[in-house]
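Trainee: Please find my_file-v3.txt (compact mmCIF, C-alpha atoms) on the next line:
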# COMPACT_ATOMS: atom_id res chain seq x y z
CA MET Z 714 60.48 6.81 28.72
CA HIS Z 715 60.38 4.37 31.64
CA ARG Z 716 63.83 3.16 32.62
CA PRO Z 717 64.28 0.03 34.77
CA THR Z 718 65.84 0.55 38.17
CA SER Z 719 68.22 -1.75 39.91
CA LYS Z 720 65.26 -3.29 41.75
CA GLU Z 721 63.29 -3.80 38.51
CA PRO Z 722 65.28 -5.81 35.98
CA ALA Z 723 64.52 -5.02 32.33
CA ARG Z 724 62.28 -7.51 30.48
CA PRO Z 725 62.43 -8.14 26.77
CA ALA Z 726 59.53 -6.81 24.77
CA ARG Z 727 58.72 -10.39 23.76
CA GLN Z 728 58.08 -11.31 27.39
CA ARG Z 729 55.87 -8.29 27.99
CA LEU Z 730 53.61 -9.46 25.13
CA ALA Z 731 53.64 -13.07 26.27
CA PRO Z 732 50.34 -12.97 28.22
CA ARG Z 733 48.46 -11.57 25.19
CA SER Z 734 50.07 -14.17 22.92
CA ALA Z 735 49.03 -16.94 25.25
CA ALA Z 736 45.41 -15.83 25.05
CA ALA Z 737 45.44 -15.45 21.28
CA PRO Z 738 44.61 -19.08 20.41
CA VAL Z 739 41.37 -18.83 22.46
CA GLN Z 740 40.40 -15.61 20.64
CA ARG Z 741 41.05 -17.20 17.26
CA ALA Z 742 38.80 -20.12 18.17
CA SER Z 743 35.88 -18.00 19.34
CA GLY Z 744 36.47 -14.81 17.34
CA PRO Z 745 35.06 -15.81 13.93
CA ALA Z 746 31.92 -17.33 15.47
CA ALA Z 747 31.39 -14.26 17.65
CA GLU Z 748 31.97 -11.94 14.72
CA LEU Z 749 29.55 -13.92 12.55
CA ARG Z 750 26.98 -13.82 15.32
CA ALA Z 751 27.36 -10.06 15.68
CA VAL Z 752 27.08 -9.55 11.92
CA ILE Z 753 23.92 -11.60 11.42
CA ASP Z 754 22.28 -10.11 14.53
CA ALA Z 755 22.85 -6.65 13.07
CA MET Z 756 21.09 -7.56 9.80
CA PRO Z 757 17.45 -6.47 9.36
CA GLU Z 758 16.63 -9.73 7.53
CA ALA Z 759 16.09 -13.16 9.05
CA VAL Z 760 19.35 -15.12 8.72
CA VAL Z 761 19.92 -18.84 9.38
CA VAL Z 762 23.35 -20.50 9.03
CA PHE Z 763 23.42 -24.23 8.20
CA ASP Z 764 26.32 -26.63 8.47
CA ALA Z 765 27.34 -29.13 5.78
CA ALA Z 766 24.75 -31.62 7.04
CA GLU Z 767 22.01 -28.92 6.76
CA GLY Z 768 21.71 -28.61 10.52
CA VAL Z 769 21.26 -25.13 12.02
CA ARG Z 770 24.43 -23.54 13.38
CA LEU Z 771 23.18 -20.01 13.99
CA ALA Z 772 19.97 -17.99 13.67
CA ASN Z 773 19.64 -14.29 14.36
CA HIS Z 774 17.02 -12.51 16.46
CA VAL Z 775 14.92 -11.60 13.40
CA ALA Z 776 14.69 -15.30 12.49
CA ASP Z 777 13.63 -16.09 16.07
CA ARG Z 778 10.82 -13.55 15.79
CA LEU Z 779 9.81 -14.81 12.36
CA PHE Z 780 9.54 -18.38 13.60
CA LEU Z 781 7.86 -17.35 16.87
CA GLY Z 782 10.78 -18.44 19.04
CA ARG Z 783 10.87 -21.94 17.49
CA PRO Z 784 14.00 -21.89 15.35
CA PRO Z 785 14.10 -24.56 12.64
CA LYS Z 786 16.16 -27.67 13.33
CA ASP Z 787 17.44 -28.05 9.77
CA ARG Z 788 16.86 -26.78 6.23
CA THR Z 789 13.97 -29.17 5.61
CA ASP Z 790 12.29 -27.98 8.78
CA LEU Z 791 12.78 -24.35 7.69
CA LEU Z 792 11.13 -24.92 4.31
CA SER Z 793 8.26 -26.76 6.00
CA ARG Z 794 7.39 -23.52 7.83
CA PHE Z 795 6.30 -22.02 4.50
CA GLN Z 796 3.48 -22.87 2.16
CA PRO Z 797 4.32 -25.65 -0.34
CA ILE Z 798 6.72 -24.82 -3.14
CA PRO Z 799 7.77 -26.88 -6.21
CA ALA Z 800 10.48 -29.46 -5.56
CA GLY Z 801 13.93 -27.98 -6.03
CA ALA Z 802 12.63 -24.44 -6.26
CA ALA Z 803 14.43 -23.45 -3.06
CA ASP Z 804 17.74 -24.23 -4.75
CA ARG Z 805 17.11 -21.51 -7.31
CA GLU Z 806 17.56 -17.89 -6.31
CA PRO Z 807 15.65 -15.95 -5.35
CA ILE Z 808 12.36 -17.59 -4.44
CA THR Z 809 9.33 -15.93 -2.83
CA LEU Z 810 7.56 -17.78 -0.02
CA ARG Z 811 4.60 -17.30 2.30
CA PRO Z 812 4.86 -18.41 5.96
CA ARG Z 813 2.15 -20.88 6.96
CA HIS Z 814 1.39 -18.92 10.12
CA MET Z 815 1.32 -15.56 8.25
CA PRO Z 816 -0.21 -16.23 4.80
CA SER Z 817 -0.59 -12.51 4.11
CA ARG Z 818 3.20 -11.97 4.30
CA TRP Z 819 5.77 -12.69 1.58
CA TYR Z 820 9.47 -13.45 2.07
CA GLU Z 821 12.26 -13.66 -0.47
CA LEU Z 822 14.65 -16.52 0.24
CA ARG Z 823 18.27 -16.31 -0.84
CA SER Z 824 20.69 -19.15 -0.23
CA VAL Z 825 24.47 -18.60 -0.28
CA PRO Z 826 26.92 -21.55 0.04
CA ILE Z 827 29.82 -21.29 2.50
CA GLU Z 828 32.87 -22.28 0.49
CA ARG Z 829 35.49 -24.40 2.21
CA ASP Z 830 39.11 -23.58 1.55
CA GLY Z 831 40.30 -25.87 -1.20
CA ALA Z 832 36.79 -27.11 -2.06
CA SER Z 833 36.50 -28.89 -5.38
CA GLU Z 834 33.75 -29.28 -7.93
CA ALA Z 835 33.11 -32.75 -6.50
CA GLU Z 836 32.27 -31.11 -3.14
CA PRO Z 837 30.35 -27.99 -4.10
CA ASP Z 838 28.50 -27.56 -0.80
CA GLY Z 839 31.59 -26.59 1.13
CA GLU Z 840 30.98 -26.05 4.83
CA GLY Z 841 27.30 -25.22 4.74
CA ARG Z 842 24.91 -22.55 3.61
CA ILE Z 843 23.58 -19.15 4.74
CA VAL Z 844 19.89 -18.53 4.13
CA VAL Z 845 18.58 -14.95 4.16
CA LEU Z 846 14.83 -14.27 4.37
CA ARG Z 847 13.77 -10.72 3.48
CA ASP Z 848 10.23 -9.43 4.01
CA VAL Z 849 9.04 -8.30 0.56
CA THR Z 850 5.35 -7.95 1.42
CA ARG Z 851 5.24 -4.19 0.87
CA ALA Z 852 7.17 -4.40 -2.40
CA ARG Z 853 4.83 -7.10 -3.65
CA GLU Z 854 1.76 -5.11 -2.62
CA GLU Z 855 3.13 -2.04 -4.41
CA ARG Z 856 3.73 -4.11 -7.55
CA ASP Z 857 0.21 -5.56 -7.44
CA GLU Z 858 -1.14 -2.10 -6.71
CA ARG Z 859 0.76 -0.66 -9.66
CA ASN Z 860 -0.52 -3.40 -12.01
CA ALA Z 861 -4.10 -2.90 -10.79
CA PHE Z 862 -3.70 0.84 -11.18
CA LEU Z 863 -2.63 0.49 -14.81
CA ALA Z 864 -5.51 -1.90 -15.54
CA ILE Z 865 -8.06 0.45 -13.96
CA LEU Z 866 -6.54 3.49 -15.60
CA SER Z 867 -6.74 1.96 -19.07
CA HIS Z 868 -10.41 1.19 -18.46
CA GLU Z 869 -11.22 4.63 -17.01
CA LEU Z 870 -9.50 6.46 -19.86
CA ARG Z 871 -10.72 4.29 -22.72
CA THR Z 872 -14.44 4.98 -22.22
CA PRO Z 873 -14.35 8.81 -22.12
CA ILE Z 874 -11.75 9.07 -24.87
CA THR Z 875 -13.78 6.75 -27.12
CA THR Z 876 -16.98 8.71 -26.47
CA ILE Z 877 -15.32 12.07 -27.07
CA TYR Z 878 -13.60 10.87 -30.23
CA ALA Z 879 -16.66 9.17 -31.74
CA GLY Z 880 -19.06 11.95 -30.76
CA SER Z 881 -16.87 14.73 -32.15
CA ARG Z 882 -16.54 12.86 -35.46
CA VAL Z 883 -20.31 12.57 -35.73
CA LEU Z 884 -20.78 16.27 -34.99
CA ALA Z 885 -18.10 17.19 -37.52
CA ARG Z 886 -19.74 15.16 -40.26
CA ARG Z 887 -20.91 17.24 -43.22
CA GLY Z 888 -24.64 17.63 -43.35
CA GLY Z 889 -24.76 17.33 -39.60
CA THR Z 890 -27.44 15.58 -37.56
CA ASN Z 891 -30.79 16.66 -36.21
CA PRO Z 892 -30.67 19.14 -33.30
CA ASP Z 893 -31.88 16.66 -30.66
CA ALA Z 894 -29.24 14.08 -31.58
CA SER Z 895 -26.53 16.74 -31.71
CA ARG Z 896 -27.55 18.00 -28.27
CA GLU Z 897 -27.43 14.47 -26.83
CA ILE Z 898 -24.02 13.82 -28.36
CA ALA Z 899 -22.68 17.12 -27.07
CA THR Z 900 -24.01 16.30 -23.59
CA ASP Z 901 -22.25 12.92 -23.66
CA ILE Z 902 -19.01 14.55 -24.76
CA SER Z 903 -19.26 17.13 -21.98
CA ALA Z 904 -19.94 14.47 -19.33
CA GLU Z 905 -17.07 12.26 -20.45
CA ALA Z 906 -14.72 15.25 -20.65
CA ALA Z 907 -15.64 16.09 -17.05
CA HIS Z 908 -14.97 12.49 -16.04
CA LEU Z 909 -11.62 12.65 -17.81
CA TYR Z 910 -10.82 15.82 -15.90
CA ASP Z 911 -11.55 14.06 -12.60
CA VAL Z 912 -9.31 11.13 -13.56
CA VAL Z 913 -6.44 13.50 -14.35
CA GLU Z 914 -6.94 15.28 -11.00
CA ASP Z 915 -6.81 11.91 -9.22
CA LEU Z 916 -3.65 10.96 -11.10
CA LEU Z 917 -2.01 14.20 -10.00
CA VAL Z 918 -2.83 13.41 -6.37
CA LEU Z 919 -1.37 9.91 -6.65
CA THR Z 920 1.77 11.22 -8.35
CA ARG Z 921 2.32 13.86 -5.67
CA ALA Z 922 1.68 11.34 -2.89
CA GLU Z 923 4.12 8.84 -4.37
CA ARG Z 924 6.82 11.50 -4.66
CA GLY Z 925 6.16 12.78 -1.16
CA ILE Z 926 5.16 16.25 -2.31
CA LEU Z 927 1.46 16.14 -1.44
CA ASP Z 928 1.43 19.30 0.68
CA LEU Z 929 -1.92 19.61 2.41
CA LEU Z 930 -2.99 22.66 4.33
CA ASP Z 931 -4.06 22.30 7.94
CA GLU Z 932 -6.79 24.89 8.20
CA PRO Z 933 -10.43 25.13 9.27
CA VAL Z 934 -12.72 23.69 6.60
CA HIS Z 935 -16.48 24.25 6.68
CA LEU Z 936 -17.93 21.07 5.20
CA GLN Z 937 -21.29 22.67 4.40
CA ARG Z 938 -19.62 25.20 2.08
CA VAL Z 939 -17.39 22.55 0.50
CA VAL Z 940 -20.39 20.30 -0.12
CA GLU Z 941 -22.38 23.12 -1.68
CA GLY Z 942 -19.51 23.87 -4.06
CA ALA Z 943 -19.05 20.19 -4.99
CA VAL Z 944 -22.78 19.70 -5.56
CA ARG Z 945 -22.97 22.83 -7.70
CA ILE Z 946 -20.22 21.51 -9.97
CA PHE Z 947 -21.73 18.03 -10.01
CA THR Z 948 -25.29 19.04 -10.84
CA GLY Z 949 -23.95 21.33 -13.55
CA ARG Z 950 -22.53 18.22 -15.17
CA MET Z 951 -25.50 15.94 -14.38
CA PRO Z 952 -28.63 18.11 -14.04
CA SER Z 953 -30.88 15.04 -14.02
CA VAL Z 954 -29.55 13.89 -10.64
CA THR Z 955 -31.34 15.04 -7.48
CA VAL Z 956 -29.17 15.59 -4.41
CA ALA Z 957 -30.90 15.82 -1.02
CA PHE Z 958 -29.41 16.97 2.30
CA GLU Z 959 -29.82 15.60 5.81
CA GLY Z 960 -28.28 16.20 9.20
CA VAL Z 961 -26.82 19.36 10.66
CA ALA Z 962 -26.96 22.40 8.37
CA ASP Z 963 -23.86 24.09 9.75
CA PRO Z 964 -21.58 21.59 11.54
CA PRO Z 965 -18.33 22.59 13.27
CA ALA Z 966 -15.27 23.16 11.10
CA VAL Z 967 -12.85 20.30 10.51
CA ARG Z 968 -9.09 20.23 9.99
CA GLY Z 969 -7.95 19.74 6.43
CA ASP Z 970 -7.39 21.24 3.01
CA ALA Z 971 -10.57 22.59 1.42
CA VAL Z 972 -9.43 21.86 -2.15
CA TYR Z 973 -8.76 18.21 -1.40
CA VAL Z 974 -11.84 17.81 0.79
CA GLU Z 975 -13.93 18.99 -2.17
CA GLN Z 976 -12.18 16.45 -4.39
CA VAL Z 977 -13.08 13.69 -1.91
CA VAL Z 978 -16.74 14.82 -1.83
CA ARG Z 979 -16.87 14.97 -5.62
CA ASN Z 980 -15.34 11.50 -5.99
CA LEU Z 981 -17.71 9.93 -3.47
CA LEU Z 982 -20.70 11.69 -5.02
CA THR Z 983 -19.75 10.59 -8.54
CA THR Z 984 -19.24 6.99 -7.39
CA ALA Z 985 -22.57 6.89 -5.55
CA VAL Z 986 -24.48 8.31 -8.51
CA ARG Z 987 -22.78 6.01 -10.99
CA PHE Z 988 -24.23 2.95 -9.24
CA ALA Z 989 -27.52 4.35 -7.94
CA GLU Z 990 -30.84 3.33 -9.41
CA PRO Z 991 -31.76 5.58 -12.37
CA GLY Z 992 -33.77 8.55 -11.15
CA ALA Z 993 -33.19 7.78 -7.47
CA PRO Z 994 -31.96 10.73 -5.40
CA VAL Z 995 -28.62 10.72 -3.66
CA THR Z 996 -28.53 11.92 -0.06
CA ILE Z 997 -25.68 13.79 1.66
CA ARG Z 998 -25.71 13.68 5.44
CA LEU Z 999 -23.54 15.76 7.81
CA GLU Z 1000 -23.21 14.52 11.40
CA PRO Z 1001 -20.93 16.07 14.03
CA GLY Z 1002 -19.43 13.71 16.58
CA GLU Z 1003 -17.49 14.26 19.77
CA ASN Z 1004 -14.14 14.86 18.07
CA VAL Z 1005 -14.99 14.53 14.37
CA VAL Z 1006 -17.50 15.57 11.76
CA ALA Z 1007 -18.75 12.83 9.43
CA LEU Z 1008 -20.07 13.16 5.91
CA SER Z 1009 -22.05 10.32 4.34
CA ILE Z 1010 -23.31 9.95 0.78
CA LEU Z 1011 -26.12 7.44 0.41
CA ASP Z 1012 -27.53 5.87 -2.75
CA ARG Z 1013 -30.31 3.43 -3.55
CA GLY Z 1014 -28.35 1.21 -5.91
CA PRO Z 1015 -27.36 -2.44 -5.49
CA ASP Z 1016 -26.09 -3.48 -2.07
CA PRO Z 1017 -22.28 -3.48 -1.81
CA THR Z 1018 -20.80 -6.95 -2.12
CA ASP Z 1019 -18.41 -8.40 0.44
CA THR Z 1020 -15.58 -7.52 -1.96
CA ASP Z 1021 -16.80 -3.91 -2.06
CA LEU Z 1022 -16.82 -3.73 1.72
CA ASP Z 1023 -13.34 -5.22 2.03
CA ALA Z 1024 -11.47 -3.59 -0.83
CA SER Z 1025 -13.31 -0.58 -2.26
CA PHE Z 1026 -10.63 1.86 -1.14
CA THR Z 1027 -7.74 -0.22 -2.49
CA LEU Z 1028 -6.48 -1.01 -5.98
CA SER Z 1029 -6.79 -4.77 -5.55
CA VAL Z 1030 -9.45 -5.17 -8.19
CA ASP Z 1031 -11.49 -8.21 -9.09
CA ARG Z 1032 -11.12 -8.10 -12.88
CA THR Z 1033 -14.38 -10.04 -13.30
CA ASP Z 1034 -16.35 -7.20 -11.74
CA MET Z 1035 -16.13 -4.01 -13.81
CA ARG Z 1036 -18.11 -2.14 -11.15
CA ARG Z 1037 -15.12 -2.56 -8.87
CA SER Z 1038 -12.85 -1.23 -11.63
CA ASP Z 1039 -14.96 1.88 -12.01
CA MET Z 1040 -14.75 2.50 -8.27
CA GLY Z 1041 -11.01 1.88 -8.09
CA ILE Z 1042 -8.99 5.04 -8.61
CA ALA Z 1043 -11.54 7.55 -7.26
CA LEU Z 1044 -12.05 5.74 -3.96
CA PHE Z 1045 -8.35 4.93 -3.60
CA VAL Z 1046 -7.58 8.64 -3.93
CA CYS Z 1047 -10.27 9.42 -1.35
CA ARG Z 1048 -8.60 7.13 1.14
CA ARG Z 1049 -5.14 8.58 0.51
CA LEU Z 1050 -6.40 12.14 0.95
CA VAL Z 1051 -8.58 11.54 3.99
CA GLU Z 1052 -5.91 9.54 5.80
CA ALA Z 1053 -3.36 12.26 4.99
CA MET Z 1054 -5.73 14.65 6.79
CA HIS Z 1055 -5.89 12.25 9.78
CA GLY Z 1056 -9.40 11.04 9.02
CA ARG Z 1057 -11.00 7.76 8.01
CA VAL Z 1058 -13.20 6.51 5.14
CA TRP Z 1059 -15.73 3.71 4.87
CA ILE Z 1060 -18.36 1.98 2.78
CA SER Z 1061 -21.29 0.11 4.27
CA ARG Z 1062 -24.67 -1.31 3.33
CA ARG Z 1063 -27.58 1.08 3.73
CA ASP Z 1064 -30.79 0.11 5.48
CA GLY Z 1065 -33.41 -0.50 2.83
CA GLY Z 1066 -30.84 -1.22 0.11
CA GLY Z 1067 -28.00 0.70 -1.40
CA ALA Z 1068 -24.63 1.89 -0.19
CA GLU Z 1069 -23.24 4.48 2.18
CA PHE Z 1070 -19.91 6.07 1.30
CA GLY Z 1071 -18.48 8.27 4.01
CA PHE Z 1072 -15.53 9.93 5.66
CA ALA Z 1073 -14.84 11.67 8.95
CA LEU Z 1074 -12.30 14.37 9.72
CA PRO Z 1075 -11.18 15.70 13.10
CA ARG Z 1076 -12.77 18.87 14.37
CA TYR Z 1077 -10.74 22.02 14.08
CA ALA Z 1078 -9.72 23.55 17.39
CA ALA Z 1079 -7.64 26.72 17.44
CA ASP Z 1080 -4.42 26.45 19.42
Rewrite the structure of this file - the entire thing - as structure tokens.

Mentor:
Amino acid sequence: MHRPTSKEPARPARQRLAPRSAAAPVQRASGPAAELRAVIDAMPEAVVVFDAAEGVRLANHVADRLFLGRPPKDRTDLLSRFQPIPAGAADREPITLRPRHMPSRWYELRSVPIERDGASEAEPDGEGRIVVLRDVTRAREERDERNAFLAILSHELRTPITTIYAGSRVLARRGGTNPDASREIATDISAEAAHLYDVVEDLLVLTRAERGILDLLDEPVHLQRVVEGAVRIFTGRMPSVTVAFEGVADPPAVRGDAVYVEQVVRNLLTTAVRFAEPGAPVTIRLEPGENVVALSILDRGPDPTDTDLDASFTLSVDRTDMRRSDMGIALFVCRRLVEAMHGRVWISRRDGGGAEFGFALPRYAAD
């Protein structure tokens, strides 16, 4: 312990703390504002603090980025940065808004009053309000995607189940039917059962992807062999369809998972045939590129619409166009699988009419 010498008179503890006490009033004046600033800057959401007159007191860095470096002057100015909303809606919590300069984004606005000590019911606004804006675009897209998925799924399941149920009842009827009719009914049942099998396989992929357990192999895949296997299964189901081949007969191997690559080929082939002109052949083309190998499936059906080109590989379905519904799940699964294997998918209009569905995967190169 330090003991004072004769040259250093002892000072009371109160005096030793005096300099810190003298500075305390300044810290108390700036401390809360600095702490509030630090807190709102650390938040991942856009935060704006308003005073009792609805003027802006503070805005964090996320709000600055949201408003492109032009922070709102007051609450009215803030709301004017979003697309019009019903009068008084911003006073109810929460409310979802779209910025005028980013109409594809969605933000959830929450408004929390700052209560003043001793505030009464006659003065409910207290000392101002804190507004928090959270980007909910992804959550909204997932909700819309989920709703579209359920709508498409109900359509995709209803048709095969109805056909299988009705056809089996006819075949089970006592007295039976003539052989030709029975054969046609049995063929329809078989085709719809195969379609139902494909839907279930696609659902399994989506479930695994959503749970993060879609484990894909990273191995050399020979597209020619995969295509031959997919076509063999497909023509066994639909022997009336002619499938032609173009391009390179034995392209370089690609990186991927052979099981899932075959599922992609089968889905694209089924989609192309479903909308091709009756009796028109479907062409499969293999084209190696510098770093990828591309596979295209071409039909001679109706030209893809602008909606097809923009949204065929999503679940944002135009309910007025049942063609889009039929394409929904299969093509969405194709995109999920191909992108998981570091490739890309596309749909385009074909010269002379029809559509081209395709995907490209990176070439396999041994380490």

Trainee: Would you mind reading off the distance between CA of Asn891 (chain Z) and CA of Phe947 (chain Z), one decimal, in Å?

Mentor: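 Here the two named atoms are 27.8 Å from each other.
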
Trainee: CA of Leu982 (chain Z) to CA of Gly880 (chain Z): how many Å, to one decimal?

Mentor: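 CA of Gly880 (chain Z) lies at a distance of 25.8 Å from CA of Leu982 (chain Z).
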
Trainee: Go ahead and compute the interatomic distance for CA of Ala747 (chain Z) and CA of Phe780 (chain Z), in Å to one decimal.

Mentor: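 It comes out at 22.6 Å.
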
Trainee: Could you give me the centre and size, in Å to one decimal, of an axis-aligned box around all listed atoms of region 972-979 of chain Z with 8 Å added on every side, as AutoDock Vina command-line options?

Mentor:
--center_x -12.8 --center_y 17.8 --center_z -2.4 --size_x 24.1 --size_y 24.2 --size_z 22.4

Trainee: Using only C-alpha atoms, pick whichever of Z:Ala907, Z:Met756, Z:Leu822, Z:Leu1011 has the shortest atom-to-atom distance to Phe988 (chain Z).

Mentor: Z:Leu1011

Trainee: Give me the region 960-1044 of chain Z side of the contact with region 933-939 of chain Z, cut-off 10 Å, one line per residue showing its nearest atom pair and distance in Å at one decimal, counting all atoms listed in the file, sorted by chain and residue number, as JSON lines.

Mentor:
{"residue": "Z:Val961", "atom": "CA", "partner": "Z:Gln937", "partner_atom": "CA", "distance": 9.0}
{"residue": "Z:Ala962", "atom": "CA", "partner": "Z:Gln937", "partner_atom": "CA", "distance": 6.9}
{"residue": "Z:Asp963", "atom": "CA", "partner": "Z:Gln937", "partner_atom": "CA", "distance": 6.1}
{"residue": "Z:Pro964", "atom": "CA", "partner": "Z:Gln937", "partner_atom": "CA", "distance": 7.2}
{"residue": "Z:Pro965", "atom": "CA", "partner": "Z:His935", "partner_atom": "CA", "distance": 7.0}
{"residue": "Z:Ala966", "atom": "CA", "partner": "Z:His935", "partner_atom": "CA", "distance": 4.7}
{"residue": "Z:Val967", "atom": "CA", "partner": "Z:Val934", "partner_atom": "CA", "distance": 5.2}
{"residue": "Z:Arg968", "atom": "CA", "partner": "Z:Pro933", "partner_atom": "CA", "distance": 5.1}
{"residue": "Z:Gly969", "atom": "CA", "partner": "Z:Val934", "partner_atom": "CA", "distance": 6.2}
{"residue": "Z:Asp970", "atom": "CA", "partner": "Z:Val934", "partner_atom": "CA", "distance": 6.9}
{"residue": "Z:Ala971", "atom": "CA", "partner": "Z:Val934", "partner_atom": "CA", "distance": 5.7}
{"residue": "Z:Val972", "atom": "CA", "partner": "Z:Val939", "partner_atom": "CA", "distance": 8.4}
{"residue": "Z:Tyr973", "atom": "CA", "partner": "Z:Val939", "partner_atom": "CA", "distance": 9.8}
{"residue": "Z:Val974", "atom": "CA", "partner": "Z:Val939", "partner_atom": "CA", "distance": 7.3}
{"residue": "Z:Glu975", "atom": "CA", "partner": "Z:Val939", "partner_atom": "CA", "distance": 5.6}
{"residue": "Z:Gln976", "atom": "CA", "partner": "Z:Val939", "partner_atom": "CA", "distance": 9.4}
{"residue": "Z:Val978", "atom": "CA", "partner": "Z:Val939", "partner_atom": "CA", "distance": 8.1}
{"residue": "Z:Arg979", "atom": "CA", "partner": "Z:Val939", "partner_atom": "CA", "distance": 9.8}
{"residue": "Z:Leu999", "atom": "CA", "partner": "Z:Gln937", "partner_atom": "CA", "distance": 8.0}
{"residue": "Z:Val1006", "atom": "CA", "partner": "Z:Leu936", "partner_atom": "CA", "distance": 8.6}
{"residue": "Z:Ala1007", "atom": "CA", "partner": "Z:Leu936", "partner_atom": "CA", "distance": 9.3}
{"residue": "Z:Leu1008", "atom": "CA", "partner": "Z:Leu936", "partner_atom": "CA", "distance": 8.2}

Trainee: Name the residues in contact with Met1054 (chain Z) at a cut-off of 9 Å, using all atoms listed in the file, excluding same-chain residues fewer than 2 positions from it; report them as an MDAnalysis selection string.

Mentor: chainID Z and resid 929:931 968:970 1049:1052 1056:1057 1074:1075

Trainee: Of the candidates Z:Leu792, Z:Ser1025, Z:Leu749, Z:Gly768, which shows the shortest atom-to-atom distance to Ile1042 (chain Z), using all atoms listed in the file?

Mentor: Z:Ser1025

Trainee: Name the closest residue to Ala766 (chain Z) among the candidates Z:Gly841, Z:Pro816, Z:Gly1014, Z:Gly1067; distances are taken between atoms, counting only C-alpha atoms.

Mentor: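 The closest residue to Ala766 (chain Z) is Z:Gly841.
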
Trainee: Near region 760-763 of chain Z, counting all atoms listed in the file, which residues have an atom at most 8 Å away, once you skip same-chain residues fewer than 3 positions from it, shown as a ChimeraX atom specification?

Mentor: /Z:753,756,766-773,775-776,787-788,841-846

Trainee: Show which residues sit within 6 Å of region 952-957 of chain Z, as JSON, numbers by chain. Count only C-alpha atoms, and ignore same-chain residues fewer than 5 positions away.

Mentor: {"Z": [994, 995, 996]}

Trainee: Looking at all atoms listed in the file, which of Z:Val1005, Z:Ile1010, Z:Ala755, Z:Leu909 is the one that sits closest to Phe1070 (chain Z)?

Mentor: Z:Ile1010
